[in-house]
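Okay, structure first, notes after.
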2 protein chains.
Amino acid sequence: MNNNRQNEDSALHVTNGVSSAHDGMTSQSRKRFTRKNKPQSVRHLYAGILEGSRLDLAKGITLIESILPNDKQAAQQLLLQLLPHSGNSIRIGITGVPGAGKSTFIEAFGLLLAQLGHKVAVLAIDPSSSITGGSILGDKTRMEELARHPSAFIRPSPTAGTLGGVHKKSRETMLLCEAAGYDVILIETVGVGQSETVVRGMVDFFLLLVLTGAGDELQGMKKGIMELVDGVVVHKADGDNLKLATKTVREYRQLLHFLQPSSPAWTTNALPVSSHQQTGLTEVWDMIQQFKELMIQTGFWKQRRQSQTKDWFHAMISDRLIDSFFSTPGKKEQVDTLEKALLANELTVSNAVECLFNE
Amino acid sequence: MNNNRQNEDSALHVTNGVSSAHDGMTSQSRKRFTRKNKPQSVRHLYAGILEGSRLDLAKGITLIESILPNDKQAAQQLLLQLLPHSGNSIRIGITGVPGAGKSTFIEAFGLLLAQLGHKVAVLAIDPSSSITGGSILGDKTRMEELARHPSAFIRPSPTAGTLGGVHKKSRETMLLCEAAGYDVILIETVGVGQSETVVRGMVDFFLLLVLTGAGDELQGMKKGIMELVDGVVVHKADGDNLKLATKTVREYRQLLHFLQPSSPAWTTNALPVSSHQQTGLTEVWDMIQQFKELMIQTGFWKQRRQSQTKDWFHAMISDRLIDSFFSTPGKKEQVDTLEKALLANELTVSNAVECLFNE
């Protein structure tokens with residue numbers, strides 16, 4: 001068993017939590033892993049993850065993301081065993097337009113938290129990874145220092161099986177990280193499709209990173225984003241940019257004053273941050289801790305997590321139903337044909353739906 | 001045939017387009033209508049609707065909303081025949097918190113449009129009608145003058161069969177009104193559930209009615225509503241309230257400056273209106289006409305309507321799949337049991353979904 005394990009480990013090419021393939025496994029190592037996926041592997045992974053082995057955590061996540069039937073069963077066993085050990089973290093979603101400096105911020109913020117004694121897991125949910133094979137790995141210099149830190153674990157998003165731009169197993173991945181002792185989970189997302197709404201439904205605190213120029217900056221973001229977030233960071237508030245950043249912070253505070261806060265009883269605030277000069281990062285962490293205290297105090301912490309679980313369940317049910325409908329042979333083609341007839345004004349939507357279901 | 005028709009008409013209790021029951025028919029008259037629902041009825045309705053008969057329009061809508069299998073077939077025939085005559089209107093959604101004066105505004109605005117020579121159809125999508133049996137009819141004094149106007153047609157929402165708080169047949173109802181020659185469709189909604197998003201997906205122009213006090217007023221509205229609307233009316237801008245209303249208009253303009261407009265190339269504006277003193281109403285109509293011109297010019301008018309049709313089709317497909325899943329005997333109970341296990345942390349969402357689909 002020990003020998004087997006070493007063989008597996010060397011085949012996985014996982015270093016410091018950053019795997020060399022976008023999903024943490026080469027196809028060769030995946031085959032090998034699957035072939036050896038016996039009950040003792042689950043027990044072994046279970047123990048390894050609880051002990052905080054980053055390698056076992058990476059392998060556990062790969063198991064959960066696997067679409068092979070044998071792996072699915074093993075993944076369920078692993079999840080059920082680890083479930084009682086999950087939940088003890090603060091889950092923080094981080095969003096912002098490309099160029100806002102999300103990776104730079106996460107590296108600086110993660111390092112600060114690691115220095116404060118926290119264990120930090122970073123999950124990157126980036127739809128662009130389907131093109132670059134994982135943008136984190138596409139750009140090797142991203143989060144280099146954080147990736148080397150013993151208290152950090154970085155996991156890029158897989159390329160397939162998404163729900164509104166978010167991997168269907170991201171929620172379970174988060175639970176695994178928690179079981180491995182990570183008490184801060186940072187989830188990075190970009191504003192494509194429904195990914196922000198989906199990530200908002202997975203996290204306790206949702207942070208928006210912007211640059212100077214309040215209105216311009218929000219161009220390209222999902223509509224209504226300002227009312228989904230619990231905090232705004234005006235990033236790159238340093239050097240020549242400092243004065244303008246301070247003005248932008250004021251503008252965002254004014255804007256937030258009119259809008260509804262994302263969480264009841266909470267006042268969403270904007271803060272200036274320079275990741276480069278490491279200023280403002282402590283203030284962001286203080287804000288998040290105040291948020292957590294208030295939410296626990298008002299009972300909304302537990303309430304939100306419970307309703308998130310329910311919502312996720314129902315989203316997965318719908319997703320499954322729609323998936324299986326469209327994967328019925330001929331259905332997609334039939335929908336396409338009906339769509340054309342709809343746009344040519346030859347059918348109403350009700351007619352089209354009747355055609356689809358009453359044949 | 002003619003005799004039959006007169007009998008039917010008298011049984012329907014429809015006066016001036018406002019039906020005496022929330023769905024336009026008593027159960028007795030519905031039975032009678034259904035029994036007599038022969039092909040010639042569809043032909044008759046078709047001709048009557050095209051001629052602009054409000055009574056036939058009301059009966060056509062009732063037919064479309066009917067859940068009886070025979071009616072469904074007749075409804076499809078009617079819709080297919082009328083489809084080429086639909087589409088020639090501007091569809092305007094109107095939303096706002098309860099108390100914003102939506103009915104008062106619609107009455108005053110509708111009367112202005114009728115005076116300008118337009119034919120105005122008002123569809124009220126009000127989830128509260130499931131309790132009051134149609135709030136329009138619950139409060140008999142609402143829109144009394146508009147209801148009496150020969151160029152107006154008012155139809156309250158039915159109580160059942162909704163998609164996010166909007167009746168599944170509201171889109172078809174709109175098409176019928178268009179075929180009957182109504183060139184302005186006003187769709188009233190309140191901010192409950194997903195109704196605003198659904199209505200935004202049905203209309204060309206979406207108008208938000210607010211009162212004074214920008215931030216406070218938005219409390220209770222759906223988050224992100226400001227970025228769904230194409231125009232804001234600060235209502236009750238008269239008397240002692242005028243000064244405060246003017247200030248609120250300024251505040252909304254400032255807020256809108258930072259946010260994304262709902263329609264590309266359009267600048268969402270806020271206008272003060274008094275329905276009581278009939279001030280500002282012409283300005284609202286001018287704004288909507290400018291909007292239409294710009295949208296047609298940029299090509300977004302057609303593009304939006306086409307994507308709305310597609311989105312509605314896909315929403316109806318999902319809805320149908322989810323409906324039929326949950327109406328399978330025992331499924332709802334199974335989901336409830338799994339939900340309890342989820343909240344007790346005995347299962348992960350993936351486990352629960354597997355349980356549901358792989359038994």
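The chains in the structure tokens are called A, B, ... from first to last as shown; in each chain the residues are counted from 1, and the ligands are counted from 1 in the order shown.
Any residue of chain B with an atom no more than 6 Å from chain A counts as a contact; using only C-alpha atoms, that gives Gly215, Lys223, Gly224, Glu227, Phe258, Phe313 and Val349 of chain B.
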Create the file for the chosen residues now, containing N, CA, C and O atoms and written as a compact mmCIF listing (two decimals), in the first residue's frame.
```
# COMPACT_ATOMS: atom_id res chain seq x y z
N GLY B 215 -32.91 56.17 -1.54
CA GLY B 215 -32.45 54.93 -0.92
C GLY B 215 -33.57 54.17 -0.22
O GLY B 215 -33.74 52.97 -0.43
N LYS B 223 -33.31 43.33 -5.59
CA LYS B 223 -31.95 43.84 -5.74
C LYS B 223 -31.60 43.93 -7.22
O LYS B 223 -31.95 43.06 -8.00
N GLY B 224 -30.90 45.00 -7.57
CA GLY B 224 -30.47 45.16 -8.96
C GLY B 224 -31.56 45.73 -9.86
O GLY B 224 -31.35 45.85 -11.05
N GLU B 227 -30.87 48.52 -12.43
CA GLU B 227 -30.19 48.21 -13.69
C GLU B 227 -31.06 47.38 -14.63
O GLU B 227 -30.62 46.97 -15.69
N PHE B 258 -23.92 56.18 -12.28
CA PHE B 258 -22.90 55.19 -11.93
C PHE B 258 -23.24 53.79 -12.43
O PHE B 258 -22.37 52.96 -12.60
N PHE B 313 -38.91 30.66 -24.27
CA PHE B 313 -39.01 29.25 -24.70
C PHE B 313 -38.22 28.36 -23.75
O PHE B 313 -38.74 27.37 -23.23
N VAL B 349 -24.87 17.94 -1.12
CA VAL B 349 -25.83 18.17 -2.19
C VAL B 349 -25.66 17.12 -3.30
O VAL B 349 -26.64 16.59 -3.80
```
Test item: residues at most 9 Å from A:Val273, only C-alpha atoms, excluding those fewer than 5 positions along its chain, as a PyMOL selection string: chain A and resi 105+233-238+245+278-281+283-284
Between atom CA of A:Thr268 and atom CA of A:Thr298 - distance in Å to one decimal: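 Taking atom CA of A:Thr298 and atom CA of A:Thr268, their separation equals 16.2 Å.
Taking only stretch 222-256 of chain B, the residues that DSSP calls helix (DSSP H, G or I) from the backbone come to Ile225, Met226, Glu227, Gly239, Asp240, Asn241, Leu242, Lys243, Leu244, Ala245, Thr246, Lys247, Thr248, Val249, Arg250, Glu251, Tyr252, Arg253, Gln254, Leu255 and Leu256 of chain B.
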Which parts of stretch 83-246 of chain B does DSSP call strand (DSSP E) when run on the backbone here, written out as a compact mmCIF listing (two decimals) with all heavy atoms, in the first residue's frame?
```txt
# COMPACT_ATOMS: atom_id res chain seq x y z
N ILE B 90 -45.87 48.87 -28.57
CA ILE B 90 -44.76 49.01 -27.64
C ILE B 90 -45.22 48.41 -26.32
O ILE B 90 -46.31 48.69 -25.82
CB ILE B 90 -44.27 50.46 -27.49
CG1 ILE B 90 -43.14 50.51 -26.45
CG2 ILE B 90 -45.37 51.45 -27.13
CD1 ILE B 90 -42.13 51.59 -26.69
N ARG B 91 -44.41 47.49 -25.82
CA ARG B 91 -44.73 46.77 -24.59
C ARG B 91 -43.99 47.44 -23.44
O ARG B 91 -42.77 47.49 -23.43
CB ARG B 91 -44.30 45.31 -24.72
CG ARG B 91 -44.92 44.62 -25.94
CD ARG B 91 -44.21 43.32 -26.28
NE ARG B 91 -44.79 42.68 -27.48
CZ ARG B 91 -44.24 41.65 -28.12
NH1 ARG B 91 -43.09 41.15 -27.69
NH2 ARG B 91 -44.82 41.14 -29.18
N ILE B 92 -44.75 47.95 -22.49
CA ILE B 92 -44.16 48.72 -21.39
C ILE B 92 -44.45 48.04 -20.06
O ILE B 92 -45.61 47.83 -19.71
CB ILE B 92 -44.73 50.16 -21.38
CG1 ILE B 92 -44.49 50.84 -22.74
CG2 ILE B 92 -44.13 50.98 -20.25
CD1 ILE B 92 -45.25 52.16 -22.93
N GLY B 93 -43.42 47.67 -19.35
CA GLY B 93 -43.57 47.10 -18.01
C GLY B 93 -43.50 48.21 -16.98
O GLY B 93 -42.72 49.14 -17.12
N ILE B 94 -44.35 48.13 -15.97
CA ILE B 94 -44.37 49.16 -14.92
C ILE B 94 -44.29 48.48 -13.57
O ILE B 94 -45.10 47.61 -13.24
CB ILE B 94 -45.65 50.02 -15.03
CG1 ILE B 94 -45.64 50.79 -16.35
CG2 ILE B 94 -45.77 50.98 -13.85
CD1 ILE B 94 -46.95 51.44 -16.71
N THR B 95 -43.28 48.86 -12.78
CA THR B 95 -43.11 48.25 -11.47
C THR B 95 -42.90 49.32 -10.40
O THR B 95 -42.69 50.49 -10.71
CB THR B 95 -41.94 47.24 -11.48
OG1 THR B 95 -41.96 46.50 -10.25
CG2 THR B 95 -40.58 47.92 -11.61
N VAL B 120 -54.99 51.23 -25.74
CA VAL B 120 -54.15 50.85 -24.59
C VAL B 120 -54.69 49.60 -23.91
O VAL B 120 -55.84 49.58 -23.46
CB VAL B 120 -54.10 52.00 -23.57
CG1 VAL B 120 -53.14 51.65 -22.43
CG2 VAL B 120 -53.67 53.31 -24.23
N ALA B 121 -53.86 48.56 -23.83
CA ALA B 121 -54.23 47.37 -23.06
C ALA B 121 -53.42 47.34 -21.77
O ALA B 121 -52.21 47.59 -21.79
CB ALA B 121 -53.96 46.12 -23.88
N VAL B 122 -54.09 47.08 -20.66
CA VAL B 122 -53.41 47.01 -19.37
C VAL B 122 -53.50 45.58 -18.85
O VAL B 122 -54.59 45.04 -18.67
CB VAL B 122 -54.06 47.97 -18.35
CG1 VAL B 122 -53.35 47.86 -17.00
CG2 VAL B 122 -54.03 49.41 -18.85
N LEU B 123 -52.34 44.96 -18.65
CA LEU B 123 -52.31 43.61 -18.06
C LEU B 123 -51.70 43.74 -16.68
O LEU B 123 -50.58 44.24 -16.53
CB LEU B 123 -51.47 42.66 -18.91
CG LEU B 123 -51.78 42.63 -20.41
CD1 LEU B 123 -50.83 41.68 -21.13
CD2 LEU B 123 -53.22 42.22 -20.64
N ALA B 124 -52.45 43.33 -15.66
CA ALA B 124 -51.94 43.47 -14.30
C ALA B 124 -51.43 42.13 -13.82
O ALA B 124 -52.18 41.17 -13.73
CB ALA B 124 -53.03 43.99 -13.39
N ILE B 125 -50.14 42.08 -13.55
CA ILE B 125 -49.52 40.85 -13.06
C ILE B 125 -49.21 41.09 -11.60
O ILE B 125 -48.22 41.71 -11.26
CB ILE B 125 -48.26 40.52 -13.87
CG1 ILE B 125 -48.68 40.12 -15.27
CG2 ILE B 125 -47.46 39.42 -13.20
CD1 ILE B 125 -47.57 40.04 -16.26
N ALA B 152 -59.58 51.48 -24.33
CA ALA B 152 -58.77 50.79 -23.31
C ALA B 152 -59.32 49.40 -23.02
O ALA B 152 -60.52 49.15 -23.14
CB ALA B 152 -58.73 51.61 -22.03
N PHE B 153 -58.43 48.52 -22.65
CA PHE B 153 -58.80 47.15 -22.27
C PHE B 153 -57.98 46.79 -21.04
O PHE B 153 -56.75 46.91 -21.05
CB PHE B 153 -58.49 46.19 -23.42
CG PHE B 153 -58.73 44.74 -23.10
CD1 PHE B 153 -60.02 44.22 -23.16
CD2 PHE B 153 -57.68 43.90 -22.73
CE1 PHE B 153 -60.25 42.87 -22.87
CE2 PHE B 153 -57.91 42.56 -22.43
CZ PHE B 153 -59.20 42.05 -22.50
N ILE B 154 -58.65 46.38 -19.98
CA ILE B 154 -57.93 46.06 -18.75
C ILE B 154 -58.15 44.60 -18.40
O ILE B 154 -59.28 44.12 -18.39
CB ILE B 154 -58.38 46.96 -17.58
CG1 ILE B 154 -58.09 48.43 -17.93
CG2 ILE B 154 -57.66 46.58 -16.30
CD1 ILE B 154 -58.51 49.41 -16.87
N ARG B 155 -57.09 43.91 -18.13
CA ARG B 155 -57.19 42.48 -17.83
C ARG B 155 -56.37 42.17 -16.58
O ARG B 155 -55.15 42.33 -16.58
CB ARG B 155 -56.63 41.69 -19.01
CG ARG B 155 -56.61 40.19 -18.81
CD ARG B 155 -57.98 39.59 -19.09
NE ARG B 155 -57.96 38.15 -18.88
CZ ARG B 155 -58.96 37.35 -19.24
NH1 ARG B 155 -60.05 37.84 -19.79
NH2 ARG B 155 -58.89 36.05 -19.02
N PRO B 156 -57.02 41.72 -15.52
CA PRO B 156 -56.26 41.36 -14.33
C PRO B 156 -55.58 40.01 -14.53
O PRO B 156 -55.93 39.26 -15.43
CB PRO B 156 -57.33 41.28 -13.25
CG PRO B 156 -58.58 40.95 -13.98
CD PRO B 156 -58.46 41.49 -15.38
N THR B 162 -48.26 30.24 -12.52
CA THR B 162 -47.30 31.31 -12.73
C THR B 162 -45.89 30.80 -12.95
O THR B 162 -45.54 29.70 -12.55
CB THR B 162 -47.28 32.29 -11.55
OG1 THR B 162 -46.67 31.65 -10.43
CG2 THR B 162 -48.67 32.76 -11.22
N LEU B 163 -45.10 31.63 -13.59
CA LEU B 163 -43.68 31.38 -13.81
C LEU B 163 -42.97 32.56 -13.14
O LEU B 163 -42.98 33.66 -13.69
CB LEU B 163 -43.40 31.35 -15.31
CG LEU B 163 -42.00 31.04 -15.78
CD1 LEU B 163 -41.67 29.57 -15.61
CD2 LEU B 163 -41.84 31.41 -17.25
N VAL B 166 -45.41 35.38 -12.65
CA VAL B 166 -46.07 35.90 -13.85
C VAL B 166 -46.82 34.74 -14.50
O VAL B 166 -46.29 33.63 -14.60
CB VAL B 166 -45.01 36.47 -14.83
CG1 VAL B 166 -45.66 36.90 -16.13
CG2 VAL B 166 -44.28 37.63 -14.18
N HIS B 167 -48.04 34.99 -14.94
CA HIS B 167 -48.80 33.90 -15.55
C HIS B 167 -48.10 33.41 -16.80
O HIS B 167 -47.60 34.20 -17.59
CB HIS B 167 -50.23 34.35 -15.88
CG HIS B 167 -51.12 33.21 -16.22
ND1 HIS B 167 -51.30 32.76 -17.51
CD2 HIS B 167 -51.85 32.38 -15.43
CE1 HIS B 167 -52.12 31.71 -17.49
NE2 HIS B 167 -52.47 31.46 -16.25
N VAL B 184 -50.36 50.04 -27.50
CA VAL B 184 -49.58 50.24 -26.27
C VAL B 184 -50.05 49.20 -25.27
O VAL B 184 -51.24 49.12 -24.95
CB VAL B 184 -49.77 51.65 -25.67
CG1 VAL B 184 -48.89 51.80 -24.42
CG2 VAL B 184 -49.43 52.75 -26.68
N ILE B 185 -49.11 48.36 -24.80
CA ILE B 185 -49.44 47.36 -23.79
C ILE B 185 -48.74 47.77 -22.50
O ILE B 185 -47.51 47.92 -22.47
CB ILE B 185 -48.96 45.95 -24.19
CG1 ILE B 185 -49.23 45.66 -25.67
CG2 ILE B 185 -49.54 44.89 -23.27
CD1 ILE B 185 -50.61 45.19 -26.02
N LEU B 186 -49.52 48.00 -21.46
CA LEU B 186 -48.94 48.34 -20.16
C LEU B 186 -49.05 47.11 -19.25
O LEU B 186 -50.15 46.59 -19.04
CB LEU B 186 -49.69 49.52 -19.52
CG LEU B 186 -49.74 50.82 -20.34
CD1 LEU B 186 -50.57 51.87 -19.61
CD2 LEU B 186 -48.34 51.35 -20.61
N ILE B 187 -47.92 46.65 -18.74
CA ILE B 187 -47.92 45.46 -17.89
C ILE B 187 -47.49 45.87 -16.49
O ILE B 187 -46.35 46.28 -16.27
CB ILE B 187 -46.98 44.39 -18.46
CG1 ILE B 187 -47.44 44.05 -19.90
CG2 ILE B 187 -46.98 43.14 -17.60
CD1 ILE B 187 -46.58 43.04 -20.58
N GLU B 188 -48.43 45.75 -15.57
CA GLU B 188 -48.15 46.17 -14.19
C GLU B 188 -47.63 44.98 -13.40
O GLU B 188 -48.16 43.88 -13.48
CB GLU B 188 -49.45 46.68 -13.56
CG GLU B 188 -49.29 47.13 -12.11
CD GLU B 188 -50.63 47.44 -11.44
OE1 GLU B 188 -51.67 47.42 -12.13
OE2 GLU B 188 -50.63 47.66 -10.22
N THR B 189 -46.60 45.19 -12.61
CA THR B 189 -46.11 44.12 -11.74
C THR B 189 -45.65 44.69 -10.41
O THR B 189 -45.32 45.87 -10.32
CB THR B 189 -44.96 43.33 -12.40
OG1 THR B 189 -44.57 42.27 -11.53
CG2 THR B 189 -43.75 44.20 -12.67
N PHE B 205 -39.81 48.31 -22.88
CA PHE B 205 -39.40 49.40 -22.00
C PHE B 205 -39.87 49.07 -20.59
O PHE B 205 -41.02 48.67 -20.40
CB PHE B 205 -40.05 50.71 -22.48
CG PHE B 205 -39.55 51.94 -21.76
CD1 PHE B 205 -38.54 52.72 -22.33
CD2 PHE B 205 -40.08 52.32 -20.54
CE1 PHE B 205 -38.07 53.86 -21.68
CE2 PHE B 205 -39.62 53.46 -19.89
CZ PHE B 205 -38.61 54.24 -20.46
N PHE B 206 -38.98 49.23 -19.62
CA PHE B 206 -39.35 48.88 -18.25
C PHE B 206 -39.23 50.13 -17.38
O PHE B 206 -38.18 50.76 -17.32
CB PHE B 206 -38.41 47.77 -17.74
CG PHE B 206 -38.94 47.00 -16.56
CD1 PHE B 206 -40.30 46.81 -16.36
CD2 PHE B 206 -38.06 46.44 -15.64
CE1 PHE B 206 -40.79 46.08 -15.28
CE2 PHE B 206 -38.53 45.71 -14.55
CZ PHE B 206 -39.90 45.53 -14.38
N LEU B 207 -40.35 50.48 -16.75
CA LEU B 207 -40.44 51.73 -16.00
C LEU B 207 -40.59 51.44 -14.50
O LEU B 207 -41.40 50.62 -14.09
CB LEU B 207 -41.67 52.52 -16.49
CG LEU B 207 -41.88 53.93 -15.97
CD1 LEU B 207 -40.80 54.87 -16.52
CD2 LEU B 207 -43.27 54.45 -16.36
N LEU B 208 -39.79 52.16 -13.70
CA LEU B 208 -39.87 52.00 -12.24
C LEU B 208 -40.54 53.23 -11.64
O LEU B 208 -40.12 54.36 -11.89
CB LEU B 208 -38.46 51.83 -11.66
CG LEU B 208 -38.32 51.86 -10.14
CD1 LEU B 208 -38.97 50.64 -9.49
CD2 LEU B 208 -36.84 51.94 -9.74
N LEU B 209 -41.57 53.01 -10.84
CA LEU B 209 -42.23 54.10 -10.12
C LEU B 209 -41.72 54.14 -8.69
O LEU B 209 -41.78 53.13 -7.98
CB LEU B 209 -43.75 53.85 -10.08
CG LEU B 209 -44.59 54.82 -10.92
CD1 LEU B 209 -44.31 54.57 -12.37
CD2 LEU B 209 -46.06 54.65 -10.61
N VAL B 210 -41.23 55.31 -8.26
CA VAL B 210 -40.77 55.44 -6.88
C VAL B 210 -41.39 56.69 -6.25
O VAL B 210 -41.99 57.52 -6.94
CB VAL B 210 -39.22 55.55 -6.81
CG1 VAL B 210 -38.56 54.30 -7.36
CG2 VAL B 210 -38.74 56.78 -7.56
N GLY B 231 -36.36 53.56 -17.34
CA GLY B 231 -36.79 54.88 -16.91
C GLY B 231 -37.30 54.83 -15.48
O GLY B 231 -37.79 53.80 -15.04
N VAL B 232 -37.16 55.96 -14.77
CA VAL B 232 -37.64 56.05 -13.40
C VAL B 232 -38.62 57.22 -13.32
O VAL B 232 -38.33 58.31 -13.83
CB VAL B 232 -36.47 56.28 -12.41
CG1 VAL B 232 -36.98 56.46 -10.98
CG2 VAL B 232 -35.48 55.13 -12.47
N VAL B 233 -39.79 56.98 -12.71
CA VAL B 233 -40.72 58.07 -12.45
C VAL B 233 -40.76 58.32 -10.95
O VAL B 233 -41.02 57.39 -10.18
CB VAL B 233 -42.14 57.69 -12.98
CG1 VAL B 233 -43.22 58.49 -12.26
CG2 VAL B 233 -42.23 57.94 -14.48
N VAL B 234 -40.43 59.54 -10.55
CA VAL B 234 -40.62 59.91 -9.15
C VAL B 234 -42.06 60.43 -9.06
O VAL B 234 -42.38 61.52 -9.55
CB VAL B 234 -39.60 60.96 -8.68
CG1 VAL B 234 -39.86 61.35 -7.23
CG2 VAL B 234 -38.18 60.42 -8.84
```
Nearest candidate to B:Ala47 (options B:Ala108, B:Ala180, B:Val199, B:Leu116; using only C-alpha atoms): B:Ala180
Selected residue, from A:Val203, A:Gln308, A:His276, A:Val198, that lies nearest to A:Glu107 when counting only C-alpha atoms: A:His276
